[in-house]
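Everything below belongs to final-v9.tsv, which stores TSV, C-alpha atoms.
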```tsv
chain	number	residue	atom	x	y	z
A	1	MET	CA	76.49	69.20	124.75
A	2	ARG	CA	73.27	69.52	126.69
A	3	ALA	CA	74.92	68.28	129.91
A	4	GLN	CA	77.75	70.74	129.38
A	5	ARG	CA	75.30	73.59	129.09
A	6	ARG	CA	73.59	72.50	132.29
A	7	ASN	CA	76.93	72.39	134.10
A	8	ARG	CA	77.71	75.92	132.99
A	9	LEU	CA	74.27	77.05	134.16
A	10	PHE	CA	74.99	75.55	137.58
A	11	MET	CA	78.39	77.27	137.61
A	12	VAL	CA	76.77	80.67	137.01
A	13	ILE	CA	74.16	80.06	139.74
A	14	PHE	CA	76.89	78.84	142.08
A	15	ILE	CA	78.96	82.01	141.51
A	16	LEU	CA	75.95	84.26	142.20
A	17	ILE	CA	74.87	82.43	145.37
A	18	GLY	CA	78.42	82.03	146.69
A	19	ILE	CA	79.36	85.66	146.22
A	20	GLY	CA	75.98	86.73	147.60
A	21	ILE	CA	76.46	84.79	150.83
A	22	ALA	CA	80.10	85.89	151.21
A	23	THR	CA	79.14	89.55	150.77
A	24	ALA	CA	76.19	89.29	153.15
A	25	LEU	CA	78.43	87.81	155.86
A	26	THR	CA	81.15	90.42	155.33
A	27	LEU	CA	78.74	93.34	155.41
A	28	ASN	CA	77.08	91.92	158.50
A	29	ALA	CA	80.45	91.63	160.24
A	30	PHE	CA	81.31	95.24	159.40
A	31	ARG	CA	77.82	96.49	160.21
A	32	GLN	CA	78.98	99.01	162.79
A	33	ASN	CA	81.77	100.36	160.59
A	34	ILE	CA	79.53	101.09	157.62
A	35	LEU	CA	77.20	103.34	159.62
A	36	PHE	CA	77.89	106.91	158.62
A	37	PHE	CA	76.79	108.39	161.94
A	38	PHE	CA	75.56	107.62	165.47
A	39	THR	CA	72.16	108.74	166.76
A	40	PRO	CA	71.94	110.93	169.89
A	41	THR	CA	70.40	107.95	171.75
A	42	GLN	CA	73.48	105.83	170.95
A	43	VAL	CA	75.73	108.68	172.10
A	44	VAL	CA	73.82	109.09	175.38
A	45	ALA	CA	74.02	105.30	175.90
A	46	GLY	CA	77.80	105.55	175.53
A	47	GLU	CA	78.03	103.51	172.29
A	48	ALA	CA	79.98	106.22	170.50
A	49	PRO	CA	83.80	106.19	170.76
A	50	SER	CA	85.19	108.52	173.42
A	51	GLY	CA	88.34	110.44	172.58
A	52	HIS	CA	87.94	109.76	168.85
A	53	PRO	CA	86.17	111.87	166.26
A	54	PHE	CA	82.84	110.45	165.09
A	55	ARG	CA	79.60	111.70	163.49
A	56	ILE	CA	76.17	112.33	165.00
A	57	GLY	CA	73.06	112.47	162.84
A	58	GLY	CA	69.74	113.93	163.91
A	59	LEU	CA	67.49	116.96	163.84
A	60	VAL	CA	68.48	120.43	165.03
A	61	ALA	CA	66.28	120.84	168.12
A	62	VAL	CA	63.72	123.65	167.86
A	63	ASP	CA	64.59	126.79	169.89
A	64	SER	CA	68.10	125.52	170.64
A	65	VAL	CA	70.21	127.52	168.15
A	66	GLU	CA	72.24	130.30	169.81
A	67	ARG	CA	74.63	132.34	167.70
A	68	ALA	CA	77.40	134.27	169.43
A	69	ALA	CA	77.43	137.94	168.45
A	70	GLY	CA	80.44	139.04	166.38
A	71	SER	CA	81.72	135.56	165.53
A	72	LEU	CA	80.77	132.39	163.65
A	73	LYS	CA	80.37	130.45	166.89
A	74	VAL	CA	77.06	128.64	167.16
A	75	HIS	CA	75.55	126.37	169.77
A	76	PHE	CA	72.63	124.00	169.23
A	77	ASP	CA	71.18	120.65	170.31
A	78	VAL	CA	70.92	117.72	167.95
A	79	THR	CA	68.06	115.35	168.75
A	80	ASP	CA	66.37	112.15	167.58
A	81	THR	CA	63.21	113.30	169.45
A	82	VAL	CA	64.07	110.95	172.37
A	83	ASN	CA	67.54	112.06	173.44
A	84	SER	CA	69.66	115.05	172.48
A	85	VAL	CA	73.30	116.10	172.52
A	86	SER	CA	74.48	119.71	172.69
A	87	VAL	CA	76.89	120.78	169.97
A	88	THR	CA	79.22	123.75	169.56
A	89	TYR	CA	80.58	124.70	166.16
A	90	GLU	CA	82.57	127.55	164.68
A	91	GLY	CA	82.38	127.98	160.93
A	92	ILE	CA	80.06	128.34	157.98
A	93	LEU	CA	76.84	126.33	158.15
A	94	PRO	CA	75.20	124.85	155.02
A	95	ASP	CA	72.30	126.83	153.51
A	96	LEU	CA	69.75	124.24	154.55
A	97	PHE	CA	70.76	124.50	158.23
A	98	LYS	CA	67.80	125.58	160.36
A	99	GLU	CA	65.86	124.42	163.40
A	100	GLY	CA	64.08	121.13	162.69
A	101	GLN	CA	66.47	120.30	159.82
A	102	GLY	CA	68.25	116.95	159.62
A	103	ILE	CA	72.04	117.28	159.94
A	104	VAL	CA	75.14	115.13	160.24
A	105	THR	CA	77.95	116.62	162.27
A	106	LYS	CA	81.50	115.39	162.79
A	107	GLY	CA	83.47	116.14	165.92
A	108	ILE	CA	84.62	114.91	169.30
A	109	LEU	CA	82.98	114.71	172.74
A	110	ASP	CA	84.67	116.87	175.37
A	111	GLY	CA	84.74	115.81	179.02
A	112	LYS	CA	81.46	117.57	179.86
A	113	GLY	CA	79.36	115.76	177.25
A	114	VAL	CA	79.40	118.65	174.78
A	115	PHE	CA	80.08	117.68	171.17
A	116	VAL	CA	82.74	119.97	169.65
A	117	ALA	CA	81.97	119.85	165.93
A	118	SER	CA	84.50	120.37	163.15
A	119	GLU	CA	82.00	119.89	160.31
A	120	VAL	CA	78.23	120.29	159.94
A	121	LEU	CA	76.47	118.80	156.89
A	122	ALA	CA	72.78	119.16	156.06
A	123	LYS	CA	70.76	116.03	155.37
A	124	HIS	CA	67.64	116.71	153.37
A	125	ASP	CA	64.69	114.33	153.06
A	126	GLU	CA	63.47	112.44	150.02
A	127	ASN	CA	60.39	114.64	149.50
A	128	TYR	CA	60.15	117.07	146.62
A	129	MET	CA	57.23	119.47	146.25
A	130	PRO	CA	56.48	123.08	145.38
A	131	PRO	CA	56.44	125.57	148.32
A	132	GLU	CA	52.65	126.02	148.05
A	133	ALA	CA	52.09	122.29	148.50
A	134	GLU	CA	54.34	122.31	151.55
A	135	HIS	CA	52.37	125.23	153.09
A	136	ALA	CA	49.11	123.40	152.47
A	137	LEU	CA	50.53	120.24	154.01
A	138	ARG	CA	51.70	122.09	157.10
A	139	ALA	CA	48.37	123.90	157.51
A	140	ALA	CA	46.55	120.57	157.32
A	141	GLN	CA	48.87	119.09	159.95
A	142	THR	CA	48.32	122.01	162.33
A	143	LEU	CA	44.57	121.63	161.87
A	144	GLN	CA	44.87	117.90	162.63
A	145	ASN	CA	46.97	118.54	165.76
A	146	ASN	CA	44.51	121.16	167.04
A	147	SER	CA	41.54	118.86	166.57
A	148	ASP	CA	43.46	116.05	168.33
A	149	LYS	CA	43.83	118.28	171.37
B	1	MET	CA	62.38	80.15	120.02
B	2	TRP	CA	65.77	78.63	119.31
B	3	THR	CA	65.67	79.38	115.59
B	4	TRP	CA	64.68	82.94	116.49
B	5	ALA	CA	67.54	83.26	118.96
B	6	HIS	CA	70.00	81.92	116.43
B	7	LYS	CA	68.74	84.17	113.66
B	8	PHE	CA	68.78	87.24	115.92
B	9	GLY	CA	72.11	86.16	117.35
B	10	SER	CA	73.77	86.00	113.94
B	11	PRO	CA	76.00	89.07	113.54
B	12	GLY	CA	74.91	89.84	109.95
B	13	TYR	CA	71.21	89.85	110.79
B	14	PHE	CA	71.75	91.93	113.93
B	15	TYR	CA	73.90	94.42	112.00
B	16	ALA	CA	71.20	95.02	109.40
B	17	LEU	CA	68.32	95.19	111.91
B	18	ALA	CA	70.18	97.59	114.23
B	19	GLY	CA	70.96	99.83	111.26
B	20	LYS	CA	67.29	100.04	110.35
B	21	VAL	CA	66.03	100.74	113.90
B	22	ASN	CA	68.65	103.24	114.98
B	23	PRO	CA	67.48	106.42	113.14
B	24	TRP	CA	64.06	106.05	114.79
B	25	LEU	CA	65.61	105.64	118.21
B	26	THR	CA	67.74	108.73	117.63
B	27	ALA	CA	64.70	110.84	116.73
B	28	LEU	CA	62.84	109.45	119.74
B	29	TYR	CA	65.53	110.26	122.32
B	30	ILE	CA	66.06	113.78	120.94
B	31	ALA	CA	62.31	114.44	121.30
B	32	LEU	CA	62.23	112.92	124.80
B	33	PHE	CA	65.28	114.88	125.98
B	34	ALA	CA	63.79	118.13	124.63
B	35	THR	CA	60.42	117.51	126.34
B	36	GLY	CA	61.93	116.27	129.59
B	37	LEU	CA	64.43	119.12	129.91
B	38	TYR	CA	61.82	121.75	129.03
B	39	LEU	CA	59.32	120.41	131.58
B	40	GLY	CA	62.02	119.89	134.19
B	41	LEU	CA	64.01	123.10	133.87
B	42	VAL	CA	61.30	125.56	132.81
B	43	VAL	CA	57.82	124.29	133.69
B	44	ALA	CA	58.37	122.39	136.95
B	45	PRO	CA	58.00	124.50	140.15
B	46	THR	CA	60.85	125.16	142.59
B	47	ASP	CA	61.28	122.86	145.58
B	48	TYR	CA	60.03	123.95	149.03
B	49	GLN	CA	63.39	123.17	150.60
B	50	GLN	CA	66.06	123.28	147.89
B	51	GLY	CA	64.71	126.02	145.60
B	52	ASP	CA	66.04	125.70	142.07
B	53	SER	CA	69.05	123.59	143.04
B	54	TYR	CA	67.01	120.41	143.05
B	55	ARG	CA	66.63	120.59	139.25
B	56	ILE	CA	69.86	118.66	138.82
B	57	ILE	CA	67.71	115.67	139.87
B	58	PHE	CA	66.52	115.44	136.26
B	59	VAL	CA	70.03	114.40	135.19
B	60	HIS	CA	71.37	112.89	138.41
B	61	VAL	CA	68.64	110.34	139.11
B	62	PRO	CA	68.25	109.01	135.53
B	63	SER	CA	72.06	108.60	135.23
B	64	ALA	CA	72.20	106.78	138.56
B	65	TRP	CA	69.38	104.46	137.48
B	66	MET	CA	71.13	103.84	134.15
B	67	SER	CA	74.44	103.10	135.86
B	68	MET	CA	72.76	100.16	137.64
B	69	PHE	CA	70.51	99.17	134.73
B	70	VAL	CA	73.40	98.90	132.24
B	71	TYR	CA	75.38	96.79	134.69
B	72	VAL	CA	72.50	94.34	135.16
B	73	VAL	CA	72.06	94.15	131.36
B	74	MET	CA	75.78	93.35	131.00
B	75	ALA	CA	75.58	90.70	133.74
B	76	VAL	CA	72.65	89.06	131.91
B	77	PHE	CA	74.73	89.05	128.71
B	78	ALA	CA	77.57	87.52	130.73
B	79	ALA	CA	75.35	84.70	132.02
B	80	ILE	CA	73.91	83.99	128.55
B	81	GLY	CA	77.39	84.17	127.05
B	82	LEU	CA	78.85	81.76	129.59
B	83	ILE	CA	76.03	79.23	129.36
B	84	TRP	CA	74.88	79.30	125.74
B	85	ARG	CA	78.02	80.75	124.09
B	86	LEU	CA	76.09	83.19	121.90
B	87	LYS	CA	78.60	85.27	119.95
B	88	LEU	CA	76.60	88.45	120.17
B	89	THR	CA	76.62	88.64	123.98
B	90	ALA	CA	80.33	89.49	124.08
B	91	VAL	CA	79.82	92.23	121.49
B	92	LEU	CA	76.86	93.76	123.38
B	93	ALA	CA	78.57	93.64	126.77
B	94	LYS	CA	81.77	95.14	125.41
B	95	ALA	CA	79.78	97.89	123.66
B	96	SER	CA	77.82	98.62	126.87
B	97	ALA	CA	80.76	98.97	129.24
B	98	PRO	CA	81.96	102.51	128.38
B	99	LEU	CA	78.33	103.69	128.29
B	100	GLY	CA	77.67	102.28	131.75
B	101	ALA	CA	80.90	103.77	133.05
B	102	SER	CA	79.89	107.17	131.63
B	103	PHE	CA	76.46	107.03	133.29
B	104	THR	CA	78.14	106.12	136.58
B	105	PHE	CA	80.60	108.98	136.25
B	106	LEU	CA	77.74	111.35	135.41
B	107	ALA	CA	75.79	110.19	138.48
B	108	LEU	CA	78.83	110.71	140.73
B	109	ALA	CA	79.72	114.09	139.19
B	110	THR	CA	76.18	115.54	139.29
B	111	GLY	CA	75.76	114.15	142.81
B	112	SER	CA	78.93	115.92	143.86
B	113	ILE	CA	77.79	119.20	142.30
B	114	TRP	CA	74.43	118.79	144.06
B	115	GLY	CA	76.03	117.81	147.36
B	116	LYS	CA	78.19	120.90	147.71
B	117	PRO	CA	75.39	123.51	147.98
B	118	MET	CA	72.83	121.26	149.73
B	119	TRP	CA	74.80	119.04	152.13
B	120	GLY	CA	77.83	121.29	152.35
B	121	THR	CA	80.35	118.81	150.94
B	122	TRP	CA	81.46	117.43	147.56
B	123	TRP	CA	82.00	113.93	148.84
B	124	VAL	CA	81.51	111.74	151.90
B	125	TRP	CA	82.35	108.06	152.36
B	126	ASP	CA	78.83	106.94	153.19
B	127	ALA	CA	77.49	103.58	151.98
B	128	ARG	CA	75.57	104.94	148.97
B	129	LEU	CA	78.37	107.05	147.52
B	130	THR	CA	81.05	104.44	148.18
B	131	SER	CA	79.10	101.57	146.59
B	132	GLU	CA	78.40	103.73	143.51
B	133	LEU	CA	82.14	104.47	143.24
B	134	ILE	CA	82.84	100.71	143.41
B	135	LEU	CA	80.41	100.31	140.49
B	136	LEU	CA	82.56	102.72	138.45
B	137	PHE	CA	85.65	100.62	139.27
B	138	LEU	CA	83.82	97.44	138.23
B	139	TYR	CA	83.10	98.97	134.81
B	140	LEU	CA	86.69	100.16	134.45
B	141	GLY	CA	87.98	96.77	135.61
B	142	PHE	CA	85.88	94.97	133.00
B	143	MET	CA	87.11	97.30	130.25
B	144	ALA	CA	90.74	96.89	131.34
B	145	LEU	CA	90.33	93.10	131.39
B	146	GLN	CA	88.95	93.09	127.84
B	147	ALA	CA	91.87	95.21	126.65
B	148	ALA	CA	94.55	93.29	128.57
B	149	MET	CA	94.04	89.81	127.11
B	150	PRO	CA	95.09	89.20	123.51
B	151	ASP	CA	92.71	86.26	123.04
B	152	ARG	CA	89.18	87.59	122.67
B	153	GLN	CA	87.51	84.37	123.87
B	154	THR	CA	89.54	84.16	127.09
B	155	ALA	CA	89.08	87.87	127.76
B	156	TRP	CA	85.31	87.58	127.43
B	157	ARG	CA	85.09	84.56	129.72
B	158	ALA	CA	87.18	86.29	132.41
B	159	GLY	CA	85.19	89.51	131.96
B	160	ALA	CA	81.87	87.65	132.16
B	161	ILE	CA	82.84	86.12	135.50
B	162	LEU	CA	83.87	89.56	136.79
B	163	LEU	CA	80.48	90.92	135.70
B	164	LEU	CA	78.64	88.12	137.52
B	165	VAL	CA	80.67	88.59	140.69
B	166	GLY	CA	80.12	92.35	140.63
B	167	VAL	CA	76.35	92.12	140.27
B	168	VAL	CA	76.15	91.65	144.06
B	169	ASN	CA	76.97	95.38	144.31
B	170	ILE	CA	73.70	96.40	142.62
B	171	PRO	CA	71.31	95.53	145.51
B	172	ILE	CA	73.88	97.04	147.89
B	173	ILE	CA	73.72	100.37	146.03
B	174	HIS	CA	69.94	100.32	145.94
B	175	PHE	CA	69.35	99.32	149.56
B	176	SER	CA	72.38	101.08	151.13
B	177	VAL	CA	70.18	104.01	152.19
B	178	ASP	CA	67.79	101.65	154.02
B	179	TRP	CA	70.29	99.22	155.55
B	180	TRP	CA	72.67	101.80	157.03
B	181	TYR	CA	72.59	105.40	158.22
B	182	THR	CA	73.85	107.44	155.28
B	183	LEU	CA	74.09	111.11	154.39
B	184	HIS	CA	72.26	110.35	151.15
B	185	GLN	CA	68.48	110.43	151.64
B	186	PRO	CA	66.35	107.29	151.06
B	187	ALA	CA	64.60	106.49	147.77
B	188	THR	CA	61.89	108.85	146.55
B	189	ILE	CA	60.32	106.97	143.66
B	190	THR	CA	60.65	103.28	144.53
B	191	LYS	CA	59.62	103.39	148.17
B	192	LEU	CA	56.55	101.56	149.41
B	193	GLY	CA	53.44	103.63	148.93
B	194	ALA	CA	53.21	106.61	146.63
B	195	PRO	CA	56.39	108.36	145.45
B	196	SER	CA	56.98	111.42	147.62
B	197	ILE	CA	57.55	113.79	144.76
B	198	HIS	CA	54.98	116.19	143.37
B	199	PRO	CA	53.48	115.05	140.01
B	200	SER	CA	54.71	118.25	138.31
B	201	MET	CA	58.28	117.11	139.12
B	202	LEU	CA	57.69	113.37	138.74
B	203	VAL	CA	56.51	113.58	135.13
B	204	PRO	CA	59.65	115.27	133.72
B	205	LEU	CA	61.81	112.93	135.82
B	206	LEU	CA	60.16	109.85	134.31
B	207	ILE	CA	60.38	111.33	130.79
B	208	MET	CA	64.10	111.92	131.35
B	209	ALA	CA	64.48	108.34	132.60
B	210	VAL	CA	62.91	106.99	129.40
B	211	ALA	CA	65.04	109.39	127.32
B	212	PHE	CA	68.20	108.04	128.97
B	213	LYS	CA	67.08	104.44	128.26
B	214	VAL	CA	66.45	105.11	124.57
B	215	PHE	CA	69.70	107.08	124.35
B	216	TYR	CA	71.59	104.11	125.78
B	217	LEU	CA	69.87	101.67	123.41
B	218	SER	CA	70.70	103.82	120.41
B	219	LEU	CA	74.37	104.25	121.35
B	220	LEU	CA	74.60	100.55	122.18
B	221	LEU	CA	73.35	99.59	118.72
B	222	SER	CA	75.82	101.96	117.00
B	223	ARG	CA	78.73	100.69	119.06
B	224	ALA	CA	77.72	97.05	118.62
B	225	ARG	CA	77.50	97.51	114.82
B	226	ALA	CA	81.01	98.96	114.72
B	227	GLU	CA	82.31	96.11	116.89
B	228	ILE	CA	80.60	93.50	114.65
B	229	LEU	CA	82.18	95.00	111.51
B	230	HIS	CA	85.57	94.88	113.18
B	231	ARG	CA	85.20	91.28	114.34
B	232	GLU	CA	83.70	90.02	111.09
B	233	ARG	CA	85.96	92.03	108.81
B	234	ARG	CA	87.29	88.88	107.13
B	235	THR	CA	83.86	87.39	106.38
B	236	ARG	CA	82.24	87.52	102.98
B	237	TRP	CA	79.19	89.59	103.98
B	238	VAL	CA	81.26	92.43	105.42
B	239	GLN	CA	83.59	92.51	102.44
B	240	GLU	CA	80.61	92.58	100.08
B	241	LEU	CA	79.12	95.50	102.02
B	242	ALA	CA	82.45	97.33	101.75
B	243	ARG	CA	82.82	96.61	98.04
B	244	SER	CA	79.31	97.80	97.24
B	245	GLY	CA	80.04	101.04	99.11
B	246	GLN	CA	77.42	100.59	101.84
B	247	LEU	CA	79.73	101.20	104.79
```

So, in terms of structure tokens, how does the structure I just supplied come out?
Amino acid sequence: MRAQRRNRLFMVIFILIGIGIATALTLNAFRQNILFFFTPTQVVAGEAPSGHPFRIGGLVAVDSVERAAGSLKVHFDVTDTVNSVSVTYEGILPDLFKEGQGIVTKGILDGKGVFVASEVLAKHDENYMPPEAEHALRAAQTLQNNSDK
Amino acid sequence: MWTWAHKFGSPGYFYALAGKVNPWLTALYIALFATGLYLGLVVAPTDYQQGDSYRIIFVHVPSAWMSMFVYVVMAVFAAIGLIWRLKLTAVLAKASAPLGASFTFLALATGSIWGKPMWGTWWVWDARLTSELILLFLYLGFMALQAAMPDRQTAWRAGAILLLVGVVNIPIIHFSVDWWYTLHQPATITKLGAPSIHPSMLVPLLIMAVAFKVFYLSLLLSRARAEILHRERRTRWVQELARSGQL
């Protein structure tokens, strides 16, 4: 009876370890496919597929947003602070879209290295705080930056 | 320890104990839900980025935590049931499954409702959302397996192995936002260092998390009691309860 119980314990441990290893290997093999988006640096390095739609994730570069008058056309750069890719999009942007905001955009690279987007999604961060706290935080950061200079 | 486990594991004892505890749990979760929702929806300030929309966090995050917690609980019951053959484990796992599936559905539905105004989409196939959807299918698969096999013993053994196999999905859900680029943002509460949520929002969130736990425990006990009565309906103690009008 006791030996039987020990065998069953080993069986349970064996299942857990076996499945764990199998899953780890599978996920590792599909690593590239599970990524939801490419970074601008990967795109600049030519790692993104050409001629196929894919997604870029990054921040909307500050002072890069240009809206065309009389239409929903918009042009902006998406950056990971090292490299950036210029994006054109026509359509409704999410409410959180603004300069400095994280976004994920889906589209295709044209011949001239401009990313023609068909979808723009906002990616917000994991921080939650009241507006006053955010103002205080930003003021403190500015103070810090000024004193660094 | 073993006498305790056997006493607690006996269906009659568990039935009586659960019946005594449950009214207190019910009162507790009603109080916790009332406090948590009041603090979260009325007292807590708006978010600097998301305004009032972020308040769905007080339902979304506790349900998502519960969806994983209930699964781990069921997997532990599965391991105990497979190794030590305690009768009660099958009852508790079977009673948990629809609750876990409901929490998972709630997490997916509230996430979707939150995603539309904030991200701009109801659904994307990123690693976090996809692995959570797989969790829902694991729950449904376990329930279908229990219903499909006429022999209860065989059904439970097959279901227990499914539960153990599926437990590998739990760390994937939790770490998906760190291992891969996803649209879903990384963890707020469980990251290294302090949680990056203001205390005025963190407190109601934690109260809601406890409320969900107690709510689950209370429903689990009710469902397990009903399942025990059904399984033991031919035993003397159940028939005596019925005859004396205590059911």

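Closest approach to chain A from the set B:Ile57, B:Met208, B:Leu133, B:Leu138 is made by B:Ile57, with distances taken over only C-alpha atoms.
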
Expected answer as a VMD selection string: chain A residues within 8 Å of chain B, all atoms listed in the file: chain A and resid 5 to 6 8 to 9 12 15 to 16 19 to 20 23 34 to 37 93 to 96 104 120 to 132 134

Coordinates-based distance that separates atom CA of Ser67 of chain B from atom CA of Leu86 of chain B (Å, one decimal): 24.4 Å

Distance in Å - atom CA of Met66 of chain B versus atom CA of Gly12 of chain B: 28.2 Å

Nearby residues (all atoms listed in the file) at most 10 Å from Phe38 of chain A, same-chain spacing under 4 positions excluded, as a ChimeraX atom specification: /A:32,42-43,47-49,54-58,104-105 /B:181

Saved selection, atoms kept: C-alpha atoms, as an mmCIF file, in the frame of the given file:
```cif
data_model
loop_
_atom_site.group_PDB
_atom_site.id
_atom_site.type_symbol
_atom_site.label_atom_id
_atom_site.label_comp_id
_atom_site.auth_asym_id
_atom_site.auth_seq_id
_atom_site.Cartn_x
_atom_site.Cartn_y
_atom_site.Cartn_z
ATOM 1 C CA GLN A 32 78.980 99.010 162.790
ATOM 2 C CA GLN A 42 73.480 105.830 170.950
ATOM 3 C CA VAL A 43 75.730 108.680 172.100
ATOM 4 C CA GLU A 47 78.030 103.510 172.290
ATOM 5 C CA ALA A 48 79.980 106.220 170.500
ATOM 6 C CA PRO A 49 83.800 106.190 170.760
ATOM 7 C CA PHE A 54 82.840 110.450 165.090
ATOM 8 C CA ARG A 55 79.600 111.700 163.490
ATOM 9 C CA ILE A 56 76.170 112.330 165.000
ATOM 10 C CA GLY A 57 73.060 112.470 162.840
ATOM 11 C CA GLY A 58 69.740 113.930 163.910
ATOM 12 C CA VAL A 104 75.140 115.130 160.240
ATOM 13 C CA THR A 105 77.950 116.620 162.270
ATOM 14 C CA TYR B 181 72.590 105.400 158.220
#
```

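Atom CA of Thr41 of chain A is found 15.1 Å from atom CA of Ile103 of chain A.
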
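Each of A:Phe76, A:Phe115, A:Phe10, A:Tyr89 was checked against Val44 of chain A using all atoms listed in the file; the smallest atom-to-atom distance is that of A:Phe115.
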
Who sits within 7 Å of Thr104 of chain B, only C-alpha atoms, same chain under 2 positions skipped, as a ChimeraX atom specification: /B:63-64,67,100-102,106-108,136

With C-alpha atoms retained, write the just-selected residues as a short mmCIF file (atom, residue, chain, number, x, y, z; two decimals), keeping the file's coordinate frame.
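Generated output (result.cif):
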```
data_model
loop_
_atom_site.label_atom_id
_atom_site.label_comp_id
_atom_site.auth_asym_id
_atom_site.auth_seq_id
_atom_site.Cartn_x
_atom_site.Cartn_y
_atom_site.Cartn_z
CA SER B 63 72.06 108.60 135.23
CA ALA B 64 72.20 106.78 138.56
CA SER B 67 74.44 103.10 135.86
CA GLY B 100 77.67 102.28 131.75
CA ALA B 101 80.90 103.77 133.05
CA SER B 102 79.89 107.17 131.63
CA LEU B 106 77.74 111.35 135.41
CA ALA B 107 75.79 110.19 138.48
CA LEU B 108 78.83 110.71 140.73
CA LEU B 136 82.56 102.72 138.45
#
```

Contacts of Trp156 of chain B within 8 Å, only C-alpha atoms, excl. fewer than 3 positions in-chain, as a PyMOL selection string: chain B and resi 90+146+152-153+159-160

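Restricting the calculation to all atoms listed in the file, the smallest distance between Leu140 of chain B and any of B:Thr190, B:Tyr71, B:Trp122, B:Tyr15 is found for B:Tyr71.
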
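Residue neighbourhood of segment 213-221 of chain B, excluding near-sequence residues (fewer than 6 positions): Ala18, Asn22, Leu25, Thr26, Tyr29, Ala95 and Ser96 of chain B, at 7 Å, using all atoms listed in the file.
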